[in-house]
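The file run.txt comes next; it holds compact mmCIF, C-alpha atoms.
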```
# COMPACT_ATOMS: atom_id res chain seq x y z
CA MET A 13 -31.04 58.43 -55.46
CA VAL A 14 -30.30 55.00 -56.88
CA SER A 15 -28.16 52.72 -54.74
CA ARG A 16 -25.74 50.50 -56.60
CA PRO A 17 -25.89 46.75 -56.05
CA PRO A 18 -23.25 45.41 -53.67
CA THR A 19 -20.08 44.07 -55.24
CA GLU A 20 -19.00 40.46 -54.81
CA GLY A 21 -16.32 41.60 -52.40
CA GLU A 22 -18.86 43.43 -50.26
CA LEU A 23 -21.16 40.41 -50.22
CA VAL A 24 -18.26 38.18 -49.24
CA GLU A 25 -17.45 40.46 -46.31
CA ARG A 26 -21.06 40.45 -45.15
CA ALA A 27 -21.30 36.69 -45.55
CA ARG A 28 -18.08 36.21 -43.61
CA ARG A 29 -19.72 38.03 -40.73
CA GLY A 30 -22.59 35.51 -40.83
CA ASP A 31 -25.06 37.24 -43.15
CA GLY A 32 -26.87 34.31 -44.78
CA ALA A 33 -28.83 36.56 -47.13
CA ALA A 34 -25.60 38.05 -48.46
CA PHE A 35 -24.25 34.56 -49.05
CA GLY A 36 -27.47 33.60 -50.83
CA ALA A 37 -27.06 36.57 -53.15
CA LEU A 38 -23.41 35.69 -53.60
CA VAL A 39 -23.98 32.13 -54.76
CA ARG A 40 -27.11 32.75 -56.83
CA ASP A 41 -25.03 33.30 -59.94
CA HIS A 42 -23.09 30.11 -59.32
CA GLU A 43 -25.87 27.69 -58.43
CA GLU A 44 -26.31 26.37 -61.94
CA ILE A 45 -22.66 25.67 -62.59
CA ALA A 46 -22.33 24.23 -59.08
CA PHE A 47 -25.15 21.79 -59.78
CA ARG A 48 -23.75 20.92 -63.21
CA THR A 49 -20.28 20.36 -61.77
CA ALA A 50 -21.76 17.96 -59.22
CA TYR A 51 -23.84 16.29 -61.91
CA LEU A 52 -20.88 15.67 -64.20
CA ILE A 53 -19.11 13.97 -61.29
CA THR A 54 -22.00 11.99 -59.82
CA ARG A 55 -23.94 11.51 -63.08
CA ASN A 56 -27.05 11.36 -60.98
CA ALA A 57 -29.35 14.38 -60.53
CA ALA A 58 -30.44 13.52 -56.99
CA ASP A 59 -26.86 13.00 -55.80
CA ALA A 60 -25.80 16.17 -57.59
CA GLU A 61 -28.51 18.18 -55.87
CA ASP A 62 -27.46 16.82 -52.47
CA ALA A 63 -23.81 17.52 -53.20
CA ALA A 64 -24.41 21.06 -54.42
CA GLN A 65 -26.70 21.85 -51.48
CA ALA A 66 -24.23 20.47 -48.94
CA GLY A 67 -21.28 22.09 -50.69
CA LEU A 68 -22.84 25.52 -50.72
CA VAL A 69 -23.76 25.29 -47.04
CA LYS A 70 -20.26 24.06 -46.26
CA ALA A 71 -18.82 26.97 -48.22
CA PHE A 72 -20.75 29.41 -46.05
CA TYR A 73 -19.19 28.04 -42.89
CA ALA A 74 -15.77 27.86 -44.56
CA LEU A 75 -15.85 31.50 -45.68
CA PRO A 76 -13.46 32.62 -42.92
CA ARG A 77 -10.83 30.49 -44.67
CA PHE A 78 -11.56 32.00 -48.09
CA ARG A 79 -8.81 34.29 -49.34
CA ARG A 80 -10.38 37.67 -50.08
CA GLU A 81 -8.32 38.27 -53.20
CA ALA A 82 -9.15 34.87 -54.71
CA PRO A 83 -11.96 34.33 -57.23
CA LEU A 84 -15.06 32.94 -55.56
CA ARG A 85 -16.38 30.63 -58.29
CA PRO A 86 -13.60 28.01 -58.42
CA TRP A 87 -13.40 27.99 -54.63
CA LEU A 88 -17.13 27.26 -54.41
CA LEU A 89 -16.97 24.67 -57.16
CA ALA A 90 -14.03 22.91 -55.50
CA ILE A 91 -16.08 22.41 -52.34
CA VAL A 92 -19.08 21.20 -54.32
CA ALA A 93 -16.89 18.88 -56.41
CA ASN A 94 -15.44 17.36 -53.27
CA GLU A 95 -18.93 16.77 -51.91
CA ALA A 96 -19.89 15.20 -55.23
CA ARG A 97 -16.90 12.85 -55.17
CA ASN A 98 -17.88 11.73 -51.70
CA ARG A 99 -21.46 11.09 -52.78
CA ARG A 100 -20.66 9.19 -55.90
CA ARG A 101 -22.29 5.82 -55.50
CA GLY A 102 -20.30 2.77 -56.43
CA GLY A 103 -23.25 0.84 -57.82
CA GLY A 104 -25.63 3.75 -58.16
CA ARG A 105 -27.54 4.51 -61.30
CA ARG A 106 -25.60 6.60 -63.78
CA GLU A 107 -27.47 9.01 -66.00
CA SER A 108 -26.28 9.95 -69.44
CA LEU A 109 -26.05 13.48 -70.65
CA ALA A 110 -28.63 14.24 -73.29
CA LEU A 111 -28.54 16.47 -76.34
CA ARG A 112 -31.27 18.82 -77.35
CA ALA A 113 -33.26 18.09 -80.49
CA ALA A 114 -31.27 17.86 -83.70
CA HIS A 115 -32.70 21.05 -85.13
CA GLU A 116 -31.08 23.14 -82.37
CA LEU A 117 -27.70 23.56 -83.97
CA PRO A 118 -24.96 25.86 -82.79
CA SER A 119 -25.16 29.43 -83.99
CA GLY A 120 -23.46 30.11 -87.29
CA ASP A 121 -25.10 27.17 -89.04
CA ALA A 122 -26.97 28.86 -91.84
CA ALA A 123 -30.09 26.88 -92.63
CA PRO A 124 -28.49 23.48 -93.27
CA SER A 125 -30.32 20.91 -95.29
CA PRO A 126 -32.28 18.18 -93.48
CA GLU A 127 -29.49 15.75 -94.35
CA GLY A 128 -26.93 18.20 -93.00
CA ARG A 129 -28.83 18.52 -89.75
CA LEU A 130 -28.95 14.79 -89.35
CA LEU A 131 -25.22 14.48 -90.03
CA VAL A 132 -24.34 17.14 -87.49
CA ALA A 133 -26.68 15.61 -84.94
CA GLU A 134 -25.15 12.20 -85.51
CA GLN A 135 -21.62 13.57 -85.07
CA ARG A 136 -22.56 15.29 -81.83
CA THR A 137 -24.17 12.13 -80.51
CA GLU A 138 -21.04 10.14 -81.36
CA LEU A 139 -18.83 12.72 -79.68
CA LEU A 140 -20.92 12.73 -76.52
CA SER A 141 -21.02 8.96 -76.46
CA ALA A 142 -17.25 8.76 -76.89
CA LEU A 143 -16.73 11.35 -74.14
CA GLU A 144 -18.92 9.45 -71.73
CA SER A 145 -17.10 6.21 -72.46
CA LEU A 146 -13.75 7.63 -71.35
CA ARG A 147 -12.33 6.67 -68.01
CA GLU A 148 -13.44 8.91 -65.19
CA ASP A 149 -10.35 11.13 -64.85
CA ASP A 150 -10.36 11.88 -68.56
CA ARG A 151 -14.11 12.44 -68.72
CA ILE A 152 -14.15 14.82 -65.77
CA VAL A 153 -11.21 16.95 -66.85
CA LEU A 154 -12.64 17.34 -70.38
CA SER A 155 -16.08 18.04 -68.93
CA CYS A 156 -14.69 20.80 -66.76
CA ARG A 157 -12.72 22.37 -69.59
CA TYR A 158 -15.25 22.11 -72.41
CA LEU A 159 -18.71 21.36 -71.02
CA LEU A 160 -18.46 23.72 -68.05
CA ASP A 161 -16.11 26.07 -69.90
CA LEU A 162 -13.73 26.39 -66.95
CA ASN A 163 -10.25 27.61 -67.72
CA GLU A 164 -7.14 25.67 -66.73
CA ALA A 165 -6.66 27.50 -63.45
CA GLU A 166 -10.30 27.02 -62.45
CA THR A 167 -10.22 23.35 -63.43
CA ALA A 168 -7.08 22.86 -61.38
CA GLU A 169 -8.70 24.36 -58.30
CA VAL A 170 -11.98 22.50 -58.75
CA LEU A 171 -10.25 19.14 -59.19
CA SER A 172 -7.52 19.84 -56.61
CA LEU A 173 -4.83 19.36 -59.24
CA ARG A 174 -1.81 21.37 -60.29
CA ARG A 175 -2.32 23.50 -63.33
CA GLY A 176 0.35 21.56 -65.18
CA THR A 177 -1.44 18.33 -64.37
CA VAL A 178 -4.66 19.71 -65.80
CA LYS A 179 -2.82 20.67 -68.96
CA SER A 180 -1.18 17.28 -69.44
CA ARG A 181 -4.27 15.33 -68.41
CA THR A 182 -6.42 17.34 -70.82
CA SER A 183 -3.98 16.71 -73.64
CA ARG A 184 -3.89 12.98 -72.98
CA ALA A 185 -7.66 12.80 -72.58
CA LEU A 186 -8.16 14.61 -75.90
CA GLU A 187 -5.87 12.13 -77.58
CA ARG A 188 -7.75 9.19 -76.11
CA LEU A 189 -11.03 10.76 -77.18
CA ARG A 190 -9.68 11.23 -80.69
CA VAL A 191 -8.63 7.57 -80.84
CA ARG A 192 -12.02 6.49 -79.51
CA LEU A 193 -13.78 8.46 -82.23
CA GLU A 194 -11.54 7.02 -84.93
CA VAL A 195 -12.21 3.48 -83.70
CA GLU A 196 -15.94 4.08 -83.71
CA ALA A 197 -15.90 5.74 -87.15
CA MET B 29 -7.67 25.23 -80.66
CA SER B 30 -7.94 21.89 -82.42
CA GLU B 31 -10.97 20.76 -84.37
CA LEU B 32 -11.83 18.29 -81.64
CA GLU B 33 -11.75 21.03 -79.02
CA LEU B 34 -14.02 23.15 -81.22
CA ARG B 35 -16.42 20.25 -81.50
CA LEU B 36 -16.43 19.85 -77.72
CA HIS B 37 -17.20 23.54 -77.31
CA GLU B 38 -20.06 23.23 -79.75
CA LEU B 39 -21.30 20.16 -77.91
CA ARG B 40 -21.68 22.27 -74.79
CA ALA B 41 -24.22 24.50 -76.51
CA GLY B 42 -26.47 21.55 -77.25
CA LEU B 43 -26.24 19.75 -73.93
CA GLU B 44 -29.32 19.21 -71.89
CA PHE B 45 -28.51 19.05 -68.19
CA PRO B 46 -31.21 18.21 -65.65
CA PRO B 47 -32.87 21.44 -64.50
CA THR B 48 -30.98 23.19 -61.73
CA PRO B 49 -32.95 22.77 -58.51
CA SER B 50 -33.87 25.68 -56.31
CA PHE B 51 -31.50 25.55 -53.38
CA GLU B 52 -32.80 26.55 -50.00
CA LEU B 53 -29.76 27.20 -47.90
CA ARG B 54 -30.50 27.15 -44.21
CA LEU B 55 -27.62 29.14 -42.90
CA GLU B 56 -27.21 29.83 -39.25
CA ARG B 57 -24.01 30.95 -37.69
CA ARG B 58 -23.40 28.28 -35.13
CA PRO B 59 -22.27 29.46 -31.71
CA ALA B 60 -18.61 29.01 -30.95
CA ARG B 61 -17.99 26.20 -28.53
CA ARG B 62 -15.07 24.16 -27.45
CA LEU B 63 -15.46 21.72 -30.33
CA ARG B 64 -15.33 22.80 -33.94
CA PRO B 65 -18.76 23.46 -35.45
CA LEU B 66 -19.59 20.13 -37.03
CA VAL B 67 -18.73 18.26 -33.90
CA VAL B 68 -21.15 20.45 -32.01
CA ALA B 69 -23.77 19.84 -34.67
CA LEU B 70 -23.75 16.12 -34.18
CA ALA B 71 -27.19 15.35 -32.89
CA ALA B 72 -26.86 11.67 -32.36
CA VAL B 73 -24.96 10.27 -29.47
CA LEU B 74 -22.47 7.60 -30.27
CA VAL B 75 -23.56 4.27 -28.93
CA LEU B 76 -20.48 2.47 -27.88
CA LEU B 77 -20.31 -1.18 -28.46
CA ALA B 78 -18.02 -2.56 -25.85
CA GLY B 79 -16.50 -5.93 -26.31
CA ALA B 80 -13.43 -8.02 -26.60
CA LEU B 81 -13.08 -10.39 -29.45
CA ALA B 82 -12.39 -14.05 -29.30
CA LEU B 83 -11.55 -14.66 -32.91
CA SER B 84 -11.80 -18.25 -34.04
CA PRO B 85 -9.12 -19.69 -36.35
CA GLY B 86 -11.90 -20.42 -38.84
CA ALA B 87 -12.95 -16.80 -38.95
CA ARG B 88 -9.37 -15.73 -39.40
CA SER B 89 -8.91 -18.01 -42.34
CA ALA B 90 -12.12 -16.76 -43.93
CA PHE B 91 -10.77 -13.25 -44.43
CA LEU B 92 -11.32 -11.95 -47.89
CA GLU B 93 -9.31 -8.87 -48.49
CA LEU B 94 -11.32 -6.10 -50.07
CA PHE B 95 -9.52 -2.85 -49.70
CA ARG B 96 -6.10 -1.53 -48.85
CA LEU B 97 -5.18 1.79 -47.32
CA LYS B 98 -1.73 2.87 -46.26
CA GLY B 99 -1.34 1.36 -42.84
CA ALA B 100 -4.69 -0.44 -42.76
CA THR B 101 -6.27 -3.40 -44.41
CA VAL B 102 -10.02 -3.93 -44.53
CA THR B 103 -11.28 -7.46 -44.86
CA ARG B 104 -14.71 -9.03 -44.89
CA VAL B 105 -15.82 -12.22 -43.19
CA GLU B 106 -19.01 -14.24 -43.42
CA GLU B 107 -19.91 -13.56 -39.82
CA LEU B 108 -18.48 -11.70 -36.90
CA PRO B 109 -16.68 -13.82 -34.35
CA ARG B 110 -18.11 -14.38 -30.90
CA VAL B 111 -17.51 -11.46 -28.57
CA GLU B 112 -17.06 -11.15 -24.87
CA ARG B 113 -18.06 -7.83 -23.45
CA ILE B 114 -15.54 -5.69 -21.64
CA ARG B 115 -15.20 -1.97 -21.05
CA ARG B 116 -14.39 -0.26 -24.31
CA LEU B 117 -12.41 2.73 -23.13
CA ASP B 118 -10.06 0.47 -21.21
CA LEU B 119 -8.91 -0.78 -24.58
CA LEU B 120 -7.81 2.67 -25.61
CA GLY B 121 -4.95 2.45 -23.17
CA GLU B 122 -3.99 4.71 -20.32
CA LEU B 123 -5.79 7.95 -19.54
CA VAL B 124 -3.13 10.68 -19.68
CA THR B 125 -2.81 14.40 -20.30
CA ARG B 126 -2.53 15.55 -23.88
CA ALA B 127 1.04 16.66 -23.33
CA GLU B 128 1.94 13.26 -21.95
CA ALA B 129 0.24 11.51 -24.88
CA GLU B 130 2.17 13.66 -27.34
CA ARG B 131 5.40 12.93 -25.50
CA ARG B 132 4.76 9.20 -25.68
CA VAL B 133 3.69 8.97 -29.32
CA GLY B 134 6.28 11.49 -30.44
CA PHE B 135 4.12 13.70 -32.61
CA ARG B 136 1.73 16.59 -32.16
CA LEU B 137 -1.82 15.33 -31.91
CA LEU B 138 -4.32 16.60 -34.43
CA ASP B 139 -7.75 17.41 -33.07
CA LEU B 140 -11.29 18.65 -33.62
CA GLY B 141 -11.03 21.05 -30.73
CA GLU B 142 -9.88 20.30 -27.21
CA PRO B 143 -10.84 16.71 -26.34
CA ASP B 144 -12.49 15.68 -23.09
CA ALA B 145 -9.95 12.93 -22.53
CA VAL B 146 -6.83 11.53 -24.14
CA TYR B 147 -5.75 7.90 -23.99
CA VAL B 148 -2.51 6.44 -25.20
CA ARG B 149 -1.62 2.81 -25.74
CA GLU B 150 1.89 1.43 -25.82
CA GLY B 151 3.29 4.81 -26.76
CA ALA B 152 2.03 4.25 -30.28
CA ILE B 153 -1.67 4.99 -30.54
CA ALA B 154 -3.34 8.06 -29.07
CA THR B 155 -7.10 8.42 -28.91
CA LEU B 156 -8.90 11.68 -28.29
CA VAL B 157 -12.31 11.27 -26.67
CA TYR B 158 -15.06 13.83 -27.14
CA GLY B 159 -18.07 13.84 -24.87
CA ASP B 160 -18.82 12.16 -21.59
CA LEU B 161 -16.45 9.29 -20.88
CA ASP B 162 -19.42 7.03 -20.18
CA GLU B 163 -21.07 8.07 -23.42
CA PRO B 164 -18.47 9.45 -25.83
CA ARG B 165 -19.73 11.16 -28.96
CA LEU B 166 -16.62 10.83 -31.02
CA LEU B 167 -13.26 9.07 -30.91
CA LEU B 168 -10.26 10.18 -32.95
CA SER B 169 -7.33 7.75 -32.93
CA GLU B 170 -3.93 8.60 -34.35
CA ALA B 171 -0.75 6.69 -34.96
CA ARG B 172 2.20 6.90 -37.24
CA GLY B 173 1.44 5.08 -40.46
CA GLY B 174 4.74 3.27 -40.24
CA ILE B 175 3.77 1.70 -36.97
CA PHE B 176 0.42 0.69 -38.40
CA ASP B 177 1.81 -0.70 -41.62
CA GLY B 178 0.66 -4.26 -41.70
CA PHE B 179 -0.45 -4.12 -38.11
CA VAL B 180 -4.05 -3.12 -38.43
CA ARG B 181 -6.69 -5.36 -39.81
CA LYS B 182 -10.21 -4.04 -39.86
CA THR B 183 -12.76 -6.72 -40.36
CA GLY B 184 -16.39 -6.36 -41.31
CA ALA B 185 -19.22 -8.85 -41.36
CA SER B 186 -21.14 -9.36 -44.58
CA GLY B 187 -23.66 -6.65 -43.59
CA THR B 188 -20.93 -4.06 -43.32
CA SER B 189 -20.56 -1.41 -45.97
CA VAL B 190 -17.03 -0.35 -46.88
CA GLU B 191 -16.86 2.65 -49.18
CA ARG B 192 -13.97 4.55 -50.65
CA VAL B 193 -14.11 8.27 -49.90
CA SER B 194 -11.96 11.29 -50.56
CA VAL B 195 -10.64 13.26 -47.58
CA ASP B 196 -8.90 16.45 -48.65
CA GLY B 197 -8.37 14.77 -51.99
CA LEU B 198 -6.70 11.72 -50.48
CA PRO B 199 -8.23 8.25 -50.28
CA GLY B 200 -10.04 7.08 -47.19
CA LEU B 201 -12.36 4.26 -46.23
CA PHE B 202 -15.76 4.70 -44.61
CA VAL B 203 -17.02 1.63 -42.78
CA SER B 204 -20.62 1.45 -41.61
CA GLY B 205 -23.53 -0.89 -41.21
CA ALA B 206 -23.39 -4.02 -39.12
CA GLY B 207 -20.90 -4.23 -36.28
CA HIS B 208 -17.30 -4.55 -37.26
CA PHE B 209 -14.10 -4.60 -35.34
CA VAL B 210 -10.48 -3.65 -35.47
CA MET B 211 -7.61 -5.90 -34.54
CA PHE B 212 -4.18 -4.64 -33.68
CA ARG B 213 -1.25 -6.98 -34.03
CA ASP B 214 1.31 -6.82 -31.30
CA ALA B 215 4.99 -6.27 -31.85
CA TYR B 216 5.46 -9.97 -32.59
CA GLY B 217 2.87 -10.05 -35.31
CA GLN B 218 0.31 -11.96 -33.26
CA ILE B 219 -3.32 -10.87 -33.01
CA ASP B 220 -4.10 -10.14 -29.42
CA ASP B 221 -7.83 -10.48 -28.82
CA ASP B 222 -7.66 -8.29 -25.74
CA ARG B 223 -6.66 -5.39 -27.92
CA ALA B 224 -9.49 -5.71 -30.37
CA PHE B 225 -12.66 -3.74 -29.93
CA LEU B 226 -15.98 -3.31 -31.64
CA ALA B 227 -16.28 -0.15 -33.66
CA GLY B 228 -19.19 2.04 -34.65
CA THR B 229 -19.30 3.97 -37.91
CA THR B 230 -15.68 4.56 -38.76
CA LEU B 231 -13.62 6.60 -41.20
CA LEU B 232 -9.99 5.65 -41.83
CA TRP B 233 -7.66 7.97 -43.67
CA ASN B 234 -4.07 9.06 -43.94
CA ARG B 235 -2.74 12.53 -43.24
CA ALA B 236 0.95 12.81 -44.04
CA GLU B 237 2.67 10.06 -42.06
CA LEU B 238 -0.29 9.49 -39.76
CA LEU B 239 -3.11 7.01 -39.93
CA LEU B 240 -6.25 8.55 -38.47
CA ARG B 241 -9.40 6.80 -37.44
CA LEU B 242 -12.60 8.62 -36.57
CA GLU B 243 -15.50 6.85 -34.94
CA ALA B 244 -18.88 8.45 -34.36
CA ASP B 245 -22.53 7.96 -35.16
CA VAL B 246 -22.47 10.03 -38.33
CA THR B 247 -23.20 9.78 -42.02
CA ARG B 248 -20.45 9.36 -44.56
CA ALA B 249 -20.63 13.01 -45.61
CA GLU B 250 -20.49 14.14 -41.98
CA ALA B 251 -17.57 11.82 -41.29
CA VAL B 252 -15.65 13.23 -44.24
CA GLU B 253 -16.49 16.76 -43.19
CA LEU B 254 -15.26 16.03 -39.70
CA ALA B 255 -12.11 14.43 -41.05
CA GLU B 256 -11.39 17.47 -43.16
CA SER B 257 -11.88 19.65 -40.08
CA VAL B 258 -9.14 17.83 -38.17
CA ARG B 259 -6.27 20.21 -37.54
```

Encoded form (structure tokens):
Amino acid sequence: MVSRPPTEGELVERARRGDGAAFGALVRDHEEIAFRTAYLITRNAADAEDAAQAGLVKAFYALPRFRREAPLRPWLLAIVANEARNRRRGGGRRESLALRAAHELPSGDAAPSPEGRLLVAEQRTELLSALESLREDDRIVLSCRYLLDLNEAETAEVLSLRRGTVKSRTSRALERLRVRLEVEA
Amino acid sequence: MSELELRLHELRAGLEFPPTPSFELRLERRPARRLRPLVVALAAVLVLLAGALALSPGARSAFLELFRLKGATVTRVEELPRVERIRRLDLLGELVTRAEAERRVGFRLLDLGEPDAVYVREGAIATLVYGDLDEPRLLLSEARGGIFDGFVRKTGASGTSVERVSVDGLPGLFVSGAGHFVMFRDAYGQIDDDRAFLAGTTLLWNRAELLLRLEADVTRAEAVELAESVR
């Protein structure tokens, strides 16, 4: 007889009763995005690790306040994001996001020429540079939507904003990014 | 989806984040006690710095305003003024029951669990004391922001760190490092040195119409966590 793996709901119930192993299993799938969320806010790997670690532990103890019918991921990320905001150092070292080597192009690019590869790589570098030069609110909302691939509702929960605010802020941030790219071009 | 949004999506595929660390979550269900969990978890005992402040006119004029928070102003001076030691808790006002404190301040007190003592001063500022009265672990002071508007000046020496923090998404100030002190102006706008007291690590934040002030020997993250646990 093969036992099925526990569902997320079952793990949540066990974790709510204090089962640390169940919580560990519950968050395993979310550790990477939790760390990346913290990193995009702190822009420092050490601070991001501290924030994600503290946020996940805090989430465990906050589980009794978690609504059973709510999705777990944005709730977890919201706690981690809050930890990250509190750990952001005023004068601390900021790290820049890096791009993989130029030859690793998105799927669908059918054997571009060397010149084509360079052009695409250059455009991606410009886009990343322009994104990182935006003011913090703009950078973070675009990072959540496009670099973490969170939807509007998730972004709203993670950033403690209304969904409408996420929509309008994203729109304005995209416009400012577009202007920034045009200026740099 | 616009071309720019498509480009951002494609950018995601090529991003190189730092490797995700392996998290080791030490999770233990903490036993229920009278205080909420984090308060119980505080290992360090708050060292109270008792003292009254005799603030020189020179020090007053040297204030350099750094930060503003609804109901509180944080300023920095070159050096702390001379202090004269007195009993700290006396400065918190009169020791009363919680019900009496709430009656005098006119609002329901927020807390981190049932306090060990409640003080109230001039019917305006209530302070909940956690721990032994001779060696409190945590102080939580509350007042209506309106009363505090322009009446609180928190001053730090040059070794003091003042950091902006987020408490439940709202701005707060975390003050730590070298000794600093809080001055309360009286109803006539004059600084009364008898009402000033030295403060340990302090978090100031607003919750609705209240200005809250938490003092304990904790880190910034712990202070914020405590503040967010206040109910």

Inset, instruction - Counting only C-alpha atoms, collect the residues of chain A whose closest atom lies at most 7 Å from chain B, and write them out as a list in words. - result: Gly30, Gly32, Glu44, Phe47, Ala57, Glu61, Gln65, Val69, Arg97, Asn98, Leu109, Ala110, Leu111, Arg112, Pro118, Arg136, Tyr158, Leu159 and Ser172 of chain A

Inset, instruction - Determine the nearest neighbour of Leu38 (chain A) from the options A:Glu169, A:Tyr73, A:Leu52, A:Leu84, counting only C-alpha atoms. - result: A:Leu84

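Interatomic distance, CA of Leu139 (chain A) against CA of Leu186 (chain A): 11.5 Å.
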
Legend entry - Nearby residues (all atoms listed in the file) at most 9 Å from Arg181 (chain A), same-chain spacing under 5 positions excluded, as JSON, numbers by chain: {"A": [149, 150, 153, 154, 176, 186]}

Legend entry - Interatomic distance (Å, one decimal) between CA of Thr167 (chain A) and CA of Ala34 (chain A): 26.0 Å

Inset, instruction - Grab the CA of Gly21 (chain A) to CA of Ala93 (chain A) distance for me, in Å with one decimal place. - result: 23.1 Å

Legend entry - Among listed residues B:Glu122, B:Glu130, B:Glu31, B:Glu237, nearest Tyr147 (chain B) (using only C-alpha atoms): B:Glu122

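Around Glu81 (chain A), within 12 Å and counting all atoms listed in the file, the residues found are Glu20, Gly21, Val24, Glu25 and Trp87 of chain A, once anything fewer than 6 positions away on its own chain is removed.
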
Serialized region 145-159 of chain B w/ N, CA and C atoms as a PDB file, in the first residue's frame:
```
ATOM      1  N   ALA B 145       2.961  45.679  36.633  1.00  0.00           N
ATOM      2  CA  ALA B 145       2.574  46.928  37.293  1.00  0.00           C
ATOM      3  C   ALA B 145       2.160  47.931  36.223  1.00  0.00           C
ATOM      4  N   VAL B 146       1.320  48.863  36.634  1.00  0.00           N
ATOM      5  CA  VAL B 146       0.899  49.921  35.706  1.00  0.00           C
ATOM      6  C   VAL B 146       1.072  51.266  36.413  1.00  0.00           C
ATOM      7  N   TYR B 147       1.741  52.175  35.740  1.00  0.00           N
ATOM      8  CA  TYR B 147       1.907  53.527  36.263  1.00  0.00           C
ATOM      9  C   TYR B 147       1.158  54.480  35.344  1.00  0.00           C
ATOM     10  N   VAL B 148       0.740  55.576  35.900  1.00  0.00           N
ATOM     11  CA  VAL B 148       0.113  56.599  35.065  1.00  0.00           C
ATOM     12  C   VAL B 148       0.598  57.963  35.545  1.00  0.00           C
ATOM     13  N   ARG B 149       0.853  58.833  34.604  1.00  0.00           N
ATOM     14  CA  ARG B 149       1.359  60.160  34.954  1.00  0.00           C
ATOM     15  C   ARG B 149       0.449  61.231  34.388  1.00  0.00           C
ATOM     16  N   GLU B 150      -0.028  62.062  35.229  1.00  0.00           N
ATOM     17  CA  GLU B 150      -0.836  63.222  34.846  1.00  0.00           C
ATOM     18  C   GLU B 150      -2.042  62.857  33.990  1.00  0.00           C
ATOM     19  N   GLY B 151      -2.517  61.643  34.157  1.00  0.00           N
ATOM     20  CA  GLY B 151      -3.697  61.232  33.393  1.00  0.00           C
ATOM     21  C   GLY B 151      -3.458  61.197  31.897  1.00  0.00           C
ATOM     22  N   ALA B 152      -2.198  61.213  31.491  1.00  0.00           N
ATOM     23  CA  ALA B 152      -1.919  61.298  30.051  1.00  0.00           C
ATOM     24  C   ALA B 152      -1.063  60.153  29.543  1.00  0.00           C
ATOM     25  N   ILE B 153      -0.138  59.691  30.374  1.00  0.00           N
ATOM     26  CA  ILE B 153       0.819  58.687  29.920  1.00  0.00           C
ATOM     27  C   ILE B 153       0.735  57.476  30.845  1.00  0.00           C
ATOM     28  N   ALA B 154       0.431  56.337  30.280  1.00  0.00           N
ATOM     29  CA  ALA B 154       0.407  55.100  31.068  1.00  0.00           C
ATOM     30  C   ALA B 154       1.609  54.254  30.684  1.00  0.00           C
ATOM     31  N   THR B 155       2.212  53.616  31.671  1.00  0.00           N
ATOM     32  CA  THR B 155       3.355  52.747  31.405  1.00  0.00           C
ATOM     33  C   THR B 155       3.110  51.387  32.032  1.00  0.00           C
ATOM     34  N   LEU B 156       3.185  50.361  31.217  1.00  0.00           N
ATOM     35  CA  LEU B 156       3.051  48.990  31.693  1.00  0.00           C
ATOM     36  C   LEU B 156       4.445  48.454  31.973  1.00  0.00           C
ATOM     37  N   VAL B 157       4.630  47.880  33.154  1.00  0.00           N
ATOM     38  CA  VAL B 157       5.935  47.363  33.557  1.00  0.00           C
ATOM     39  C   VAL B 157       5.870  45.837  33.573  1.00  0.00           C
ATOM     40  N   TYR B 158       6.846  45.226  32.915  1.00  0.00           N
ATOM     41  CA  TYR B 158       6.934  43.763  32.913  1.00  0.00           C
ATOM     42  C   TYR B 158       8.196  43.346  33.648  1.00  0.00           C
ATOM     43  N   GLY B 159       8.038  42.417  34.564  1.00  0.00           N
ATOM     44  CA  GLY B 159       9.182  41.946  35.336  1.00  0.00           C
ATOM     45  C   GLY B 159       9.169  42.541  36.730  1.00  0.00           C
TER      46      GLY B 159
END
```
